[in-house]
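A quick write-up on the structure given underneath.
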Amino acid sequence: MIGLAVMAWLTVLICYGGNWVLGQCMIERSLVVGLVAGLLMGDVKTGVIIGASLEAIFMGAVNIGGAISAEPVTATALAVAFTVGAGIDQGAAITLAVPVGVVTAFLSIFMNNVFLAFFAATFDKMAAEGNEKGLALQHFVLWFVKYAAFGLIAFLGVYLGAEPVAAIVNQIPANVMSGLNAVGALLPAVGMALLLQMLWSTELSIYFFLGFTLYQ
């Protein structure tokens, strides 16, 4: 299980941290995170399916400035790990992962607005002194600390939680598990509905119905 936990940690570091060190290249999206997690955990198909499902859920979650509505990277990494490592049904794993993304957003707000703020004065001092090496060193050290902390949540979630979660899930009655699976299947539709609520217009409606028709 520790190997799977390390892969979850590495997934978060690569996707969440890499997104912000490579110029916000969008590898933090659930669709990409699911692929990376699937590659690292040995089940690409499951990773892509879960990533696509969570992408539909978090697609309408827009983070502006210091306000963060959800953090999809950790949620996706945990959902894939729970499915691959603990044998939890994909629908149930997705249902369990969504609250994780919301809770982890609070850590992101704390890291950005509180923890990193302590180093603002140091950055200003080194900039005034023209200390480019010091600025670069502190920047990348803090980058690693921040995203390694997010990865630690995924690591502990898998290492400490996968087997207990699997044991708990095994005790859940079949009808309740069916409900969780149904909710997991409905969540992407909720995500799309939230996105459409923001973007819907008469001019764009033709593309929505055309896409739906072609998919069918």
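Chain labels follow the order of the structure tokens: the first chain is A, the next B, and so on; residue numbering restarts at 1 in every chain, and ligands are counted from 1 in their shown order.
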Who sits within 12 Å of Ile153 (chain A), only C-alpha atoms, same chain under 2 positions skipped, as an NGL selection string:
:A and (5-6 or 8-13 or 71 or 73-75 or 77-78 or 100-101 or 103-105 or 107-108 or 146-151 or 155-161)
Expected file: the selected residues, N, CA, C and O atoms, as a CSV table (one decimal), in the first residue's frame:
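Dumped everything to part_4.csv:
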```
chain,number,residue,atom,x,y,z
A,5,ALA,N,0.6,4.7,-2.2
A,5,ALA,CA,0.5,6.0,-1.6
A,5,ALA,C,1.6,7.0,-2.2
A,5,ALA,O,1.3,8.2,-2.4
A,6,VAL,N,2.8,6.4,-2.4
A,6,VAL,CA,3.8,7.2,-3.0
A,6,VAL,C,3.4,7.7,-4.4
A,6,VAL,O,3.7,8.8,-4.8
A,8,ALA,N,0.4,8.2,-5.5
A,8,ALA,CA,-0.6,9.3,-5.3
A,8,ALA,C,0.1,10.6,-5.0
A,8,ALA,O,-0.3,11.6,-5.5
A,9,TRP,N,1.1,10.6,-4.1
A,9,TRP,CA,1.9,11.8,-3.8
A,9,TRP,C,2.5,12.3,-5.0
A,9,TRP,O,2.5,13.5,-5.3
A,10,LEU,N,3.2,11.4,-5.8
A,10,LEU,CA,3.9,11.9,-7.0
A,10,LEU,C,2.9,12.4,-8.1
A,10,LEU,O,3.2,13.4,-8.8
A,11,THR,N,1.7,11.8,-8.1
A,11,THR,CA,0.7,12.4,-9.1
A,11,THR,C,0.4,13.8,-8.8
A,11,THR,O,0.3,14.7,-9.7
A,12,VAL,N,0.2,14.1,-7.5
A,12,VAL,CA,-0.2,15.5,-7.1
A,12,VAL,C,1.0,16.4,-7.4
A,12,VAL,O,0.8,17.5,-7.9
A,13,LEU,N,2.2,16.0,-7.0
A,13,LEU,CA,3.4,16.8,-7.3
A,13,LEU,C,3.6,17.1,-8.7
A,13,LEU,O,3.8,18.3,-9.1
A,71,GLU,N,-10.4,21.7,-5.2
A,71,GLU,CA,-9.1,21.4,-5.6
A,71,GLU,C,-9.2,19.9,-6.2
A,71,GLU,O,-9.2,19.0,-5.4
A,73,VAL,N,-7.1,18.0,-8.0
A,73,VAL,CA,-6.0,17.1,-8.2
A,73,VAL,C,-6.0,16.0,-7.2
A,73,VAL,O,-5.9,14.8,-7.5
A,74,THR,N,-6.0,16.4,-5.9
A,74,THR,CA,-6.0,15.5,-4.8
A,74,THR,C,-7.2,14.5,-4.9
A,74,THR,O,-7.1,13.3,-4.6
A,75,ALA,N,-8.3,15.1,-5.2
A,75,ALA,CA,-9.6,14.3,-5.3
A,75,ALA,C,-9.4,13.2,-6.3
A,75,ALA,O,-9.8,12.1,-6.1
A,77,ALA,N,-6.6,12.0,-7.7
A,77,ALA,CA,-5.5,11.0,-7.3
A,77,ALA,C,-6.1,10.0,-6.3
A,77,ALA,O,-5.8,8.8,-6.4
A,78,LEU,N,-6.8,10.5,-5.3
A,78,LEU,CA,-7.4,9.6,-4.3
A,78,LEU,C,-8.5,8.6,-4.9
A,78,LEU,O,-8.5,7.4,-4.6
A,100,VAL,N,-13.4,15.6,-0.8
A,100,VAL,CA,-12.0,15.8,-0.6
A,100,VAL,C,-11.5,17.0,-1.3
A,100,VAL,O,-10.7,17.8,-0.8
A,101,GLY,N,-11.9,17.1,-2.6
A,101,GLY,CA,-11.5,18.3,-3.4
A,101,GLY,C,-12.0,19.6,-2.7
A,101,GLY,O,-11.3,20.6,-2.8
A,103,VAL,N,-12.6,20.1,0.6
A,103,VAL,CA,-11.9,20.3,1.9
A,103,VAL,C,-10.4,20.7,1.6
A,103,VAL,O,-9.9,21.6,2.2
A,104,THR,N,-9.8,20.1,0.6
A,104,THR,CA,-8.4,20.4,0.3
A,104,THR,C,-8.3,21.9,-0.2
A,104,THR,O,-7.2,22.5,-0.1
A,105,ALA,N,-9.4,22.4,-0.8
A,105,ALA,CA,-9.3,23.8,-1.2
A,105,ALA,C,-9.0,24.8,-0.1
A,105,ALA,O,-8.4,25.8,-0.2
A,107,LEU,N,-7.0,24.1,2.4
A,107,LEU,CA,-5.6,24.1,2.6
A,107,LEU,C,-4.9,25.0,1.6
A,107,LEU,O,-3.9,25.7,1.9
A,108,SER,N,-5.4,25.0,0.3
A,108,SER,CA,-4.8,25.9,-0.7
A,108,SER,C,-5.0,27.3,-0.3
A,108,SER,O,-4.0,28.1,-0.5
A,146,LYS,N,5.1,23.7,-0.9
A,146,LYS,CA,3.6,23.8,-1.0
A,146,LYS,C,3.0,22.6,-1.6
A,146,LYS,O,2.0,22.0,-1.1
A,147,TYR,N,3.5,22.2,-2.8
A,147,TYR,CA,2.9,21.1,-3.5
A,147,TYR,C,3.2,19.7,-2.9
A,147,TYR,O,2.4,18.8,-3.1
A,148,ALA,N,4.3,19.6,-2.2
A,148,ALA,CA,4.6,18.4,-1.5
A,148,ALA,C,3.6,18.2,-0.3
A,148,ALA,O,3.2,17.1,0.0
A,149,ALA,N,3.2,19.4,0.2
A,149,ALA,CA,2.2,19.3,1.3
A,149,ALA,C,0.9,18.8,0.8
A,149,ALA,O,0.2,18.0,1.4
A,150,PHE,N,0.5,19.2,-0.4
A,150,PHE,CA,-0.7,18.7,-1.0
A,150,PHE,C,-0.6,17.2,-1.3
A,150,PHE,O,-1.5,16.4,-1.1
A,151,GLY,N,0.6,16.9,-1.8
A,151,GLY,CA,0.8,15.5,-2.1
A,151,GLY,C,0.8,14.6,-0.8
A,151,GLY,O,0.4,13.4,-0.9
A,155,PHE,N,-1.0,11.1,0.0
A,155,PHE,CA,-0.2,10.0,0.5
A,155,PHE,C,-0.9,9.4,1.7
A,155,PHE,O,-1.1,8.2,1.8
A,156,LEU,N,-1.2,10.3,2.7
A,156,LEU,CA,-1.8,9.8,3.9
A,156,LEU,C,-3.2,9.2,3.7
A,156,LEU,O,-3.6,8.3,4.3
A,157,GLY,N,-3.9,9.9,2.8
A,157,GLY,CA,-5.3,9.4,2.4
A,157,GLY,C,-5.2,8.0,1.9
A,157,GLY,O,-6.1,7.1,2.3
A,158,VAL,N,-4.2,7.6,1.1
A,158,VAL,CA,-4.1,6.3,0.6
A,158,VAL,C,-3.5,5.3,1.6
A,158,VAL,O,-4.0,4.2,1.8
A,159,TYR,N,-2.4,5.8,2.2
A,159,TYR,CA,-1.7,4.9,3.1
A,159,TYR,C,-2.5,4.5,4.4
A,159,TYR,O,-2.6,3.4,4.8
A,160,LEU,N,-3.2,5.5,4.9
A,160,LEU,CA,-4.0,5.3,6.1
A,160,LEU,C,-5.4,5.0,5.9
A,160,LEU,O,-6.1,4.4,6.7
A,161,GLY,N,-5.9,5.4,4.7
A,161,GLY,CA,-7.4,5.3,4.4
A,161,GLY,C,-7.9,4.3,3.5
A,161,GLY,O,-9.0,3.9,3.5
```
Mind listing the helix (DSSP H, G or I) residues of region 49-128 of chain A, per DSSP on the backbone, as an mmCIF file with N, CA and C atoms, in the first residue's frame?
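Okay, part_16.cif is ready:
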```
data_model
loop_
_atom_site.group_PDB
_atom_site.id
_atom_site.type_symbol
_atom_site.label_atom_id
_atom_site.label_comp_id
_atom_site.auth_asym_id
_atom_site.auth_seq_id
_atom_site.Cartn_x
_atom_site.Cartn_y
_atom_site.Cartn_z
ATOM 1 N N ILE A 49 -11.045 6.988 -17.078
ATOM 2 C CA ILE A 49 -12.498 7.014 -16.852
ATOM 3 C C ILE A 49 -12.833 7.890 -15.641
ATOM 4 N N ILE A 50 -12.113 7.684 -14.548
ATOM 5 C CA ILE A 50 -12.363 8.482 -13.345
ATOM 6 C C ILE A 50 -12.011 9.943 -13.589
ATOM 7 N N GLY A 51 -10.898 10.186 -14.274
ATOM 8 C CA GLY A 51 -10.511 11.560 -14.576
ATOM 9 C C GLY A 51 -11.548 12.278 -15.411
ATOM 10 N N ALA A 52 -12.094 11.591 -16.411
ATOM 11 C CA ALA A 52 -13.120 12.204 -17.262
ATOM 12 C C ALA A 52 -14.383 12.503 -16.469
ATOM 13 N N SER A 53 -14.759 11.589 -15.579
ATOM 14 C CA SER A 53 -15.961 11.797 -14.756
ATOM 15 C C SER A 53 -15.786 12.992 -13.827
ATOM 16 N N LEU A 54 -14.614 13.079 -13.175
ATOM 17 C CA LEU A 54 -14.367 14.192 -12.264
ATOM 18 C C LEU A 54 -14.151 15.504 -13.015
ATOM 19 N N GLU A 55 -13.645 15.423 -14.240
ATOM 20 C CA GLU A 55 -13.501 16.639 -15.048
ATOM 21 C C GLU A 55 -14.868 17.261 -15.309
ATOM 22 N N ALA A 56 -15.849 16.423 -15.586
ATOM 23 C CA ALA A 56 -17.200 16.928 -15.812
ATOM 24 C C ALA A 56 -17.754 17.587 -14.554
ATOM 25 N N ILE A 57 -17.376 17.043 -13.392
ATOM 26 C CA ILE A 57 -17.863 17.598 -12.122
ATOM 27 C C ILE A 57 -17.196 18.937 -11.819
ATOM 28 N N PHE A 58 -15.861 18.982 -11.969
ATOM 29 C CA PHE A 58 -15.098 20.172 -11.577
ATOM 30 C C PHE A 58 -14.925 21.174 -12.719
ATOM 31 N N PRO A 72 -9.241 19.824 -7.528
ATOM 32 C CA PRO A 72 -9.544 18.535 -8.146
ATOM 33 C C PRO A 72 -8.382 17.549 -8.202
ATOM 34 N N VAL A 73 -7.125 18.011 -8.048
ATOM 35 C CA VAL A 73 -5.987 17.108 -8.240
ATOM 36 C C VAL A 73 -5.955 16.024 -7.171
ATOM 37 N N THR A 74 -6.009 16.438 -5.901
ATOM 38 C CA THR A 74 -5.981 15.473 -4.807
ATOM 39 C C THR A 74 -7.186 14.546 -4.863
ATOM 40 N N ALA A 75 -8.343 15.110 -5.186
ATOM 41 C CA ALA A 75 -9.559 14.298 -5.280
ATOM 42 C C ALA A 75 -9.413 13.221 -6.343
ATOM 43 N N THR A 76 -8.870 13.583 -7.494
ATOM 44 C CA THR A 76 -8.715 12.614 -8.586
ATOM 45 C C THR A 76 -7.700 11.541 -8.233
ATOM 46 N N ALA A 77 -6.567 11.953 -7.654
ATOM 47 C CA ALA A 77 -5.537 10.987 -7.278
ATOM 48 C C ALA A 77 -6.071 9.982 -6.267
ATOM 49 N N LEU A 78 -6.840 10.465 -5.289
ATOM 50 C CA LEU A 78 -7.404 9.558 -4.281
ATOM 51 C C LEU A 78 -8.454 8.637 -4.886
ATOM 52 N N ALA A 79 -9.290 9.166 -5.771
ATOM 53 C CA ALA A 79 -10.333 8.345 -6.382
ATOM 54 C C ALA A 79 -9.721 7.200 -7.191
ATOM 55 N N VAL A 80 -8.685 7.499 -7.955
ATOM 56 C CA VAL A 80 -8.023 6.458 -8.743
ATOM 57 C C VAL A 80 -7.352 5.448 -7.821
ATOM 58 N N ALA A 81 -6.680 5.939 -6.775
ATOM 59 C CA ALA A 81 -5.991 5.038 -5.837
ATOM 60 C C ALA A 81 -6.978 4.138 -5.113
ATOM 61 N N PHE A 82 -8.101 4.684 -4.682
ATOM 62 C CA PHE A 82 -9.099 3.879 -3.980
ATOM 63 C C PHE A 82 -9.675 2.797 -4.895
ATOM 64 N N THR A 83 -9.863 3.138 -6.167
ATOM 65 C CA THR A 83 -10.421 2.167 -7.105
ATOM 66 C C THR A 83 -9.400 1.083 -7.454
ATOM 67 N N VAL A 84 -8.175 1.512 -7.741
ATOM 68 C CA VAL A 84 -7.133 0.566 -8.151
ATOM 69 C C VAL A 84 -6.627 -0.258 -6.976
ATOM 70 N N GLY A 85 -6.364 0.425 -5.839
ATOM 71 C CA GLY A 85 -5.734 -0.255 -4.714
ATOM 72 C C GLY A 85 -6.689 -0.911 -3.744
ATOM 73 N N ALA A 86 -7.856 -0.306 -3.533
ATOM 74 C CA ALA A 86 -8.787 -0.827 -2.538
ATOM 75 C C ALA A 86 -9.956 -1.573 -3.166
ATOM 76 N N GLN A 90 -15.979 2.408 -8.941
ATOM 77 C CA GLN A 90 -15.630 3.737 -9.451
ATOM 78 C C GLN A 90 -16.630 4.805 -9.033
ATOM 79 N N GLY A 91 -17.911 4.489 -9.116
ATOM 80 C CA GLY A 91 -18.932 5.467 -8.732
ATOM 81 C C GLY A 91 -18.814 5.874 -7.280
ATOM 82 N N ALA A 92 -18.586 4.890 -6.394
ATOM 83 C CA ALA A 92 -18.440 5.187 -4.972
ATOM 84 C C ALA A 92 -17.165 5.974 -4.712
ATOM 85 N N ALA A 93 -16.075 5.630 -5.411
ATOM 86 C CA ALA A 93 -14.807 6.339 -5.231
ATOM 87 C C ALA A 93 -14.936 7.803 -5.648
ATOM 88 N N ILE A 94 -15.662 8.055 -6.731
ATOM 89 C CA ILE A 94 -15.882 9.421 -7.186
ATOM 90 C C ILE A 94 -16.701 10.198 -6.163
ATOM 91 N N THR A 95 -17.735 9.547 -5.619
ATOM 92 C CA THR A 95 -18.575 10.191 -4.602
ATOM 93 C C THR A 95 -17.757 10.550 -3.367
ATOM 94 N N LEU A 96 -16.846 9.658 -2.965
ATOM 95 C CA LEU A 96 -15.994 9.926 -1.808
ATOM 96 C C LEU A 96 -14.964 11.006 -2.109
ATOM 97 N N ALA A 97 -14.543 11.127 -3.360
ATOM 98 C CA ALA A 97 -13.468 12.046 -3.715
ATOM 99 C C ALA A 97 -13.923 13.499 -3.795
ATOM 100 N N VAL A 98 -15.162 13.731 -4.178
ATOM 101 C CA VAL A 98 -15.640 15.108 -4.365
ATOM 102 C C VAL A 98 -15.510 15.942 -3.093
ATOM 103 N N PRO A 99 -15.941 15.460 -1.924
ATOM 104 C CA PRO A 99 -15.741 16.263 -0.704
ATOM 105 C C PRO A 99 -14.270 16.516 -0.399
ATOM 106 N N VAL A 100 -13.396 15.569 -0.777
ATOM 107 C CA VAL A 100 -11.960 15.764 -0.558
ATOM 108 C C VAL A 100 -11.472 16.984 -1.323
ATOM 109 N N GLY A 101 -11.942 17.135 -2.560
ATOM 110 C CA GLY A 101 -11.547 18.283 -3.350
ATOM 111 C C GLY A 101 -11.991 19.599 -2.747
ATOM 112 N N VAL A 102 -13.157 19.597 -2.129
ATOM 113 C CA VAL A 102 -13.670 20.820 -1.492
ATOM 114 C C VAL A 102 -12.878 21.134 -0.221
ATOM 115 N N VAL A 103 -12.629 20.110 0.598
ATOM 116 C CA VAL A 103 -11.888 20.318 1.854
ATOM 117 C C VAL A 103 -10.449 20.738 1.571
ATOM 118 N N THR A 104 -9.805 20.123 0.574
ATOM 119 C CA THR A 104 -8.425 20.445 0.251
ATOM 120 C C THR A 104 -8.295 21.878 -0.246
ATOM 121 N N ALA A 105 -9.371 22.436 -0.782
ATOM 122 C CA ALA A 105 -9.338 23.830 -1.223
ATOM 123 C C ALA A 105 -9.027 24.766 -0.060
ATOM 124 N N PHE A 106 -9.474 24.405 1.149
ATOM 125 C CA PHE A 106 -9.185 25.240 2.314
ATOM 126 C C PHE A 106 -7.689 25.266 2.610
ATOM 127 N N LEU A 107 -7.010 24.140 2.394
ATOM 128 C CA LEU A 107 -5.560 24.103 2.572
ATOM 129 C C LEU A 107 -4.888 25.016 1.562
ATOM 130 N N SER A 108 -5.391 25.014 0.330
ATOM 131 C CA SER A 108 -4.818 25.872 -0.696
ATOM 132 C C SER A 108 -4.963 27.343 -0.320
ATOM 133 N N ILE A 109 -6.123 27.714 0.202
ATOM 134 C CA ILE A 109 -6.346 29.098 0.633
ATOM 135 C C ILE A 109 -5.380 29.454 1.760
ATOM 136 N N PHE A 110 -5.194 28.524 2.718
ATOM 137 C CA PHE A 110 -4.266 28.767 3.833
ATOM 138 C C PHE A 110 -2.834 28.918 3.335
ATOM 139 N N MET A 111 -2.420 28.031 2.433
ATOM 140 C CA MET A 111 -1.043 28.084 1.922
ATOM 141 C C MET A 111 -0.787 29.386 1.173
ATOM 142 N N ASN A 112 -1.744 29.807 0.357
ATOM 143 C CA ASN A 112 -1.547 31.005 -0.466
ATOM 144 C C ASN A 112 -1.640 32.288 0.338
ATOM 145 N N ASN A 113 -2.611 32.355 1.230
ATOM 146 C CA ASN A 113 -2.909 33.620 1.901
ATOM 147 C C ASN A 113 -2.278 33.773 3.275
ATOM 148 N N VAL A 114 -1.809 32.686 3.867
ATOM 149 C CA VAL A 114 -1.230 32.763 5.218
ATOM 150 C C VAL A 114 0.232 32.308 5.210
ATOM 151 N N PHE A 115 0.459 31.046 4.850
ATOM 152 C CA PHE A 115 1.821 30.497 4.931
ATOM 153 C C PHE A 115 2.801 31.251 4.038
ATOM 154 N N LEU A 116 2.471 31.409 2.762
ATOM 155 C CA LEU A 116 3.391 32.060 1.834
ATOM 156 C C LEU A 116 3.542 33.548 2.110
ATOM 157 N N ALA A 117 2.544 34.142 2.776
ATOM 158 C CA ALA A 117 2.617 35.570 3.086
ATOM 159 C C ALA A 117 3.775 35.888 4.023
ATOM 160 N N PHE A 118 4.193 34.918 4.841
ATOM 161 C CA PHE A 118 5.303 35.142 5.758
ATOM 162 C C PHE A 118 6.615 35.405 5.013
ATOM 163 N N PHE A 119 6.700 34.966 3.766
ATOM 164 C CA PHE A 119 7.942 35.098 3.017
ATOM 165 C C PHE A 119 7.940 36.296 2.073
ATOM 166 N N ALA A 120 6.857 37.070 2.084
ATOM 167 C CA ALA A 120 6.756 38.217 1.180
ATOM 168 C C ALA A 120 7.849 39.248 1.469
ATOM 169 N N ALA A 121 8.091 39.511 2.747
ATOM 170 C CA ALA A 121 9.109 40.499 3.110
ATOM 171 C C ALA A 121 10.497 40.056 2.658
ATOM 172 N N THR A 122 10.775 38.756 2.765
ATOM 173 C CA THR A 122 12.067 38.231 2.328
ATOM 174 C C THR A 122 12.235 38.393 0.826
ATOM 175 N N PHE A 123 11.159 38.131 0.078
ATOM 176 C CA PHE A 123 11.209 38.332 -1.376
ATOM 177 C C PHE A 123 11.491 39.801 -1.702
ATOM 178 N N ASP A 124 10.808 40.712 -1.007
ATOM 179 C CA ASP A 124 10.997 42.142 -1.254
ATOM 180 C C ASP A 124 12.437 42.561 -0.954
ATOM 181 N N LYS A 125 12.991 42.048 0.135
ATOM 182 C CA LYS A 125 14.354 42.404 0.526
ATOM 183 C C LYS A 125 15.366 41.922 -0.510
ATOM 184 N N MET A 126 15.231 40.662 -0.944
ATOM 185 C CA MET A 126 16.173 40.128 -1.924
ATOM 186 C C MET A 126 16.023 40.818 -3.273
ATOM 187 N N ALA A 127 14.792 41.206 -3.630
ATOM 188 C CA ALA A 127 14.579 41.926 -4.886
ATOM 189 C C ALA A 127 15.250 43.300 -4.828
ATOM 190 N N ALA A 128 15.137 43.973 -3.685
ATOM 191 C CA ALA A 128 15.764 45.291 -3.522
ATOM 192 C C ALA A 128 17.287 45.189 -3.584
#
```
Gly42 (chain A) environment, 12 Å, only C-alpha atoms, sequence neighbours closer than 2 positions dropped, as number ranges by chain:
A: 3-4, 7-8, 34-40, 44-48, 80-81, 83-85
Selected residues written out with N, CA and C atoms, as an mmCIF file, in the first residue's frame:
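The resulting file, selection.cif, is reproduced below:
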```cif
data_model
loop_
_atom_site.group_PDB
_atom_site.id
_atom_site.type_symbol
_atom_site.label_atom_id
_atom_site.label_comp_id
_atom_site.auth_asym_id
_atom_site.auth_seq_id
_atom_site.Cartn_x
_atom_site.Cartn_y
_atom_site.Cartn_z
ATOM 1 N N GLY A 3 3.543 1.774 -1.647
ATOM 2 C CA GLY A 3 3.897 2.088 -3.031
ATOM 3 C C GLY A 3 2.792 2.860 -3.730
ATOM 4 N N LEU A 4 1.553 2.467 -3.512
ATOM 5 C CA LEU A 4 0.408 3.168 -4.103
ATOM 6 C C LEU A 4 0.294 4.578 -3.538
ATOM 7 N N MET A 7 2.776 6.783 -5.192
ATOM 8 C CA MET A 7 2.318 7.145 -6.529
ATOM 9 C C MET A 7 1.262 8.249 -6.481
ATOM 10 N N ALA A 8 0.400 8.207 -5.469
ATOM 11 C CA ALA A 8 -0.603 9.262 -5.307
ATOM 12 C C ALA A 8 0.078 10.597 -5.004
ATOM 13 N N GLY A 34 -6.091 12.052 -13.980
ATOM 14 C CA GLY A 34 -6.512 10.661 -14.044
ATOM 15 C C GLY A 34 -5.593 9.825 -14.918
ATOM 16 N N LEU A 35 -5.166 10.400 -16.052
ATOM 17 C CA LEU A 35 -4.244 9.695 -16.941
ATOM 18 C C LEU A 35 -2.906 9.451 -16.251
ATOM 19 N N VAL A 36 -2.355 10.498 -15.616
ATOM 20 C CA VAL A 36 -1.063 10.366 -14.933
ATOM 21 C C VAL A 36 -1.157 9.354 -13.789
ATOM 22 N N ALA A 37 -2.234 9.457 -13.003
ATOM 23 C CA ALA A 37 -2.424 8.510 -11.897
ATOM 24 C C ALA A 37 -2.557 7.088 -12.421
ATOM 25 N N GLY A 38 -3.290 6.924 -13.520
ATOM 26 C CA GLY A 38 -3.444 5.598 -14.110
ATOM 27 C C GLY A 38 -2.124 5.024 -14.591
ATOM 28 N N LEU A 39 -1.290 5.863 -15.200
ATOM 29 C CA LEU A 39 0.024 5.417 -15.654
ATOM 30 C C LEU A 39 0.899 4.994 -14.476
ATOM 31 N N LEU A 40 0.899 5.795 -13.417
ATOM 32 C CA LEU A 40 1.751 5.505 -12.266
ATOM 33 C C LEU A 40 1.243 4.318 -11.456
ATOM 34 N N VAL A 44 -4.345 2.430 -16.586
ATOM 35 C CA VAL A 44 -4.614 3.649 -17.347
ATOM 36 C C VAL A 44 -6.100 3.805 -17.649
ATOM 37 N N LYS A 45 -6.768 2.710 -17.997
ATOM 38 C CA LYS A 45 -8.185 2.782 -18.355
ATOM 39 C C LYS A 45 -9.011 3.340 -17.198
ATOM 40 N N THR A 46 -8.803 2.791 -16.000
ATOM 41 C CA THR A 46 -9.542 3.273 -14.832
ATOM 42 C C THR A 46 -9.220 4.733 -14.551
ATOM 43 N N GLY A 47 -7.949 5.085 -14.662
ATOM 44 C CA GLY A 47 -7.548 6.462 -14.408
ATOM 45 C C GLY A 47 -8.216 7.443 -15.346
ATOM 46 N N VAL A 48 -8.280 7.098 -16.626
ATOM 47 C CA VAL A 48 -8.891 7.996 -17.616
ATOM 48 C C VAL A 48 -10.396 8.112 -17.393
ATOM 49 N N VAL A 80 -8.685 7.499 -7.955
ATOM 50 C CA VAL A 80 -8.023 6.458 -8.743
ATOM 51 C C VAL A 80 -7.352 5.448 -7.821
ATOM 52 N N ALA A 81 -6.680 5.939 -6.775
ATOM 53 C CA ALA A 81 -5.991 5.038 -5.837
ATOM 54 C C ALA A 81 -6.978 4.138 -5.113
ATOM 55 N N THR A 83 -9.863 3.138 -6.167
ATOM 56 C CA THR A 83 -10.421 2.167 -7.105
ATOM 57 C C THR A 83 -9.400 1.083 -7.454
ATOM 58 N N VAL A 84 -8.175 1.512 -7.741
ATOM 59 C CA VAL A 84 -7.133 0.566 -8.151
ATOM 60 C C VAL A 84 -6.627 -0.258 -6.976
ATOM 61 N N GLY A 85 -6.364 0.425 -5.839
ATOM 62 C CA GLY A 85 -5.734 -0.255 -4.714
ATOM 63 C C GLY A 85 -6.689 -0.911 -3.744
#
```
May I ask for the distance between CA of Ile27 (chain A) and CA of Phe144 (chain A), given in Å to one decimal place?
16.7 Å
One number please: CA of Val21 (chain A) to CA of Gly134 (chain A), in Å, one decimal.
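The value is 17.3 Å.
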Nearest to Ala193 (chain A), chosen from A:Cys25, A:Phe209, A:Asn131, A:Met59, with only C-alpha atoms counted in the distances
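Between A:Cys25, A:Phe209, A:Asn131, A:Met59, the residue approaching Ala193 (chain A) most closely is A:Met59.
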